[in-house]
Amino acid sequence: LAALVIGSACRLFAARHRAAVERIRRAERLELARELHDVAAHHITSIVLQAQAARLVTGKHPERTAGSLAGIEAAGSEALAATRRVVGLLREGAPAGHERLDELVEGFEGLAGRVRLRLEAKPSDWSPEVSGTVYRVVRESLTNVARHARHAGVVAVDITQDGRAVTVEVADDAP
């Protein structure tokens, strides 16, 4: 009887763990889907505005059409690249959040070369939930800097760990 109870408890615990992991994966995928929507909407809006401006400019200054089309092409290329990055995160087997931090910081659109990452923590000790949360906090912070503090010269991303607490601080030098 004891073996049956222990076996059932172990199976129940394993089933609950699998369900919790699946809920976390689903939540992460929904977050990434929202991010994909935001990225696509932002870039497509830019393309539409540039196309409308090109139509107006072409009527009055036809010589500026080539520049307008180049801007539309660049915005389309940026949209595709951003979409590929987000879709890459949706694939199974994507590395843990802390393993993608360097890539995120180095390639962040509009801030490349101005972001400094200081990691004074042991990310290998983090659970997948903590790792993913740290990644999302850094990504959202850099998105906010890119949108609202474009003139920042330096952006510092500091991640520290004190016992069981992980602290993420993102600061820029913009006014």
# chains A, B, ... in the order shown; residues from 1 in each chain; ligands from 1
$ residues_around --residues "region 100-111 of chain A" --least-positions-apart "4" --cutoff "8 Å" --atoms "only C-alpha atoms" --output "ChimeraX atom specification"
/A:95-96,115-117,135,139,142,146,150
$ write_last_selection --atoms "N, CA, C and O atoms" --output "CSV table (one decimal), in the first residue's frame"
chain,number,residue,atom,x,y,z
A,95,PRO,N,17.7,28.6,-26.9
A,95,PRO,CA,18.5,28.6,-25.7
A,95,PRO,C,17.8,29.4,-24.6
A,95,PRO,O,17.0,30.2,-24.8
A,96,ALA,N,18.3,29.2,-23.3
A,96,ALA,CA,17.7,29.9,-22.2
A,96,ALA,C,18.0,31.4,-22.3
A,96,ALA,O,18.9,31.8,-23.1
A,115,VAL,N,25.6,49.7,-25.9
A,115,VAL,CA,25.0,49.0,-24.7
A,115,VAL,C,26.2,48.2,-24.1
A,115,VAL,O,26.9,47.5,-24.8
A,116,ARG,N,26.3,48.4,-22.8
A,116,ARG,CA,27.3,47.6,-22.1
A,116,ARG,C,26.6,46.7,-21.1
A,116,ARG,O,25.7,47.1,-20.3
A,117,LEU,N,27.0,45.4,-21.2
A,117,LEU,CA,26.4,44.4,-20.3
A,117,LEU,C,27.4,44.0,-19.3
A,117,LEU,O,28.5,43.6,-19.6
A,135,TYR,N,15.7,37.8,-19.3
A,135,TYR,CA,15.8,38.2,-20.7
A,135,TYR,C,14.7,39.1,-21.1
A,135,TYR,O,15.0,40.1,-21.8
A,139,ARG,N,15.1,42.9,-22.5
A,139,ARG,CA,14.6,43.2,-23.9
A,139,ARG,C,13.6,44.4,-23.8
A,139,ARG,O,13.7,45.3,-24.6
A,142,LEU,N,15.5,47.7,-23.1
A,142,LEU,CA,16.2,48.2,-24.3
A,142,LEU,C,15.3,48.7,-25.3
A,142,LEU,O,15.5,49.7,-26.0
A,146,ALA,N,15.4,52.5,-26.7
A,146,ALA,CA,15.4,52.8,-28.1
A,146,ALA,C,14.3,53.7,-28.6
A,146,ALA,O,14.4,54.5,-29.5
A,150,ARG,N,16.5,57.8,-27.5
A,150,ARG,CA,17.4,57.6,-28.7
A,150,ARG,C,18.7,58.3,-28.6
A,150,ARG,O,19.6,57.9,-29.3
$ residues_around --residues "Ser68 (chain A)" --least-positions-apart "4" --cutoff "7 Å" --atoms "only C-alpha atoms" --output "VMD selection string"
chain A and resid 50 54 64 72
$ residues_around --residues "Ala41 (chain A)" --least-positions-apart "5" --cutoff "12 Å" --atoms "only C-alpha atoms" --output "MDAnalysis selection string"
chainID A and resid 34:36 46:48 75:76 79:80 82:83
$ select_by_dssp --residues "region 61-141 of chain A" --states "strand (DSSP E or B)" --output "number ranges by chain"
A: 115-120
$ write_last_selection --atoms "N, CA and C atoms" --output "mmCIF file, in the first residue's frame"
data_model
loop_
_atom_site.group_PDB
_atom_site.id
_atom_site.type_symbol
_atom_site.label_atom_id
_atom_site.label_comp_id
_atom_site.auth_asym_id
_atom_site.auth_seq_id
_atom_site.Cartn_x
_atom_site.Cartn_y
_atom_site.Cartn_z
ATOM 1 N N VAL A 115 25.569 49.739 -25.905
ATOM 2 C CA VAL A 115 25.046 49.024 -24.748
ATOM 3 C C VAL A 115 26.173 48.209 -24.110
ATOM 4 N N ARG A 116 26.329 48.364 -22.796
ATOM 5 C CA ARG A 116 27.337 47.626 -22.052
ATOM 6 C C ARG A 116 26.616 46.662 -21.108
ATOM 7 N N LEU A 117 26.980 45.389 -21.176
ATOM 8 C CA LEU A 117 26.378 44.371 -20.314
ATOM 9 C C LEU A 117 27.381 43.975 -19.251
ATOM 10 N N ARG A 118 26.966 44.055 -17.989
ATOM 11 C CA ARG A 118 27.791 43.584 -16.872
ATOM 12 C C ARG A 118 26.971 42.528 -16.146
ATOM 13 N N LEU A 119 27.471 41.301 -16.190
ATOM 14 C CA LEU A 119 26.754 40.166 -15.600
ATOM 15 C C LEU A 119 27.554 39.667 -14.406
ATOM 16 N N GLU A 120 27.113 40.016 -13.222
ATOM 17 C CA GLU A 120 27.748 39.563 -11.987
ATOM 18 C C GLU A 120 26.769 38.648 -11.273
#
$ atom_distance --atom1 "CA of Val155 (chain A)" --atom2 "CA of Val137 (chain A)"
14.4 Å
$ residues_around --residues "Ser141 (chain A)" --least-positions-apart "5" --cutoff "9 Å" --atoms "only C-alpha atoms" --output "VMD selection string"
chain A and resid 136 146 170 to 171
$ residues_around --residues "Asp125 (chain A)" --least-positions-apart "5" --cutoff "10 Å" --atoms "only C-alpha atoms" --output "ChimeraX atom specification"
/A:130-131,164
$ write_last_selection --atoms "N, CA and C atoms" --output "PDB file, in the first residue's frame"
ATOM      1  N   VAL A 130      13.332  32.088 -14.260  1.00  0.00           N
ATOM      2  CA  VAL A 130      14.122  33.277 -13.914  1.00  0.00           C
ATOM      3  C   VAL A 130      14.925  33.735 -15.122  1.00  0.00           C
ATOM      4  N   SER A 131      15.536  32.795 -15.809  1.00  0.00           N
ATOM      5  CA  SER A 131      16.335  33.123 -16.991  1.00  0.00           C
ATOM      6  C   SER A 131      15.492  33.828 -18.047  1.00  0.00           C
ATOM      7  N   ARG A 164      19.621  34.565  -3.322  1.00  0.00           N
ATOM      8  CA  ARG A 164      18.586  34.072  -4.243  1.00  0.00           C
ATOM      9  C   ARG A 164      17.956  35.187  -5.061  1.00  0.00           C
TER      10      ARG A 164
END
$ closest_residue --among "A:Ala149, A:Ala121, A:Glu129, A:Val154" --to "Ala20 (chain A)" --atoms "only C-alpha atoms"
A:Glu129
$ residues_around --residues "Val168 (chain A)" --least-positions-apart "6" --cutoff "8 Å" --atoms "only C-alpha atoms" --output "PyMOL selection string"
chain A and resi 134+137-138+157-160
$ write_last_selection --atoms "C-alpha atoms" --output "short mmCIF file (atom, residue, chain, number, x, y, z; two decimals), in the first residue's frame"
data_model
loop_
_atom_site.label_atom_id
_atom_site.label_comp_id
_atom_site.auth_asym_id
_atom_site.auth_seq_id
_atom_site.Cartn_x
_atom_site.Cartn_y
_atom_site.Cartn_z
CA VAL A 134 15.63 38.36 -16.92
CA VAL A 137 13.09 42.52 -18.65
CA VAL A 138 16.32 43.42 -20.46
CA VAL A 157 22.72 46.75 -18.34
CA ASP A 158 23.80 45.43 -14.93
CA ILE A 159 22.63 42.04 -13.70
CA THR A 160 23.64 41.07 -10.19
#
$ closest_residue --among "A:Gly153, A:His17, A:Thr143, A:Leu69" --to "Leu49 (chain A)" --atoms "only C-alpha atoms"
A:Leu69
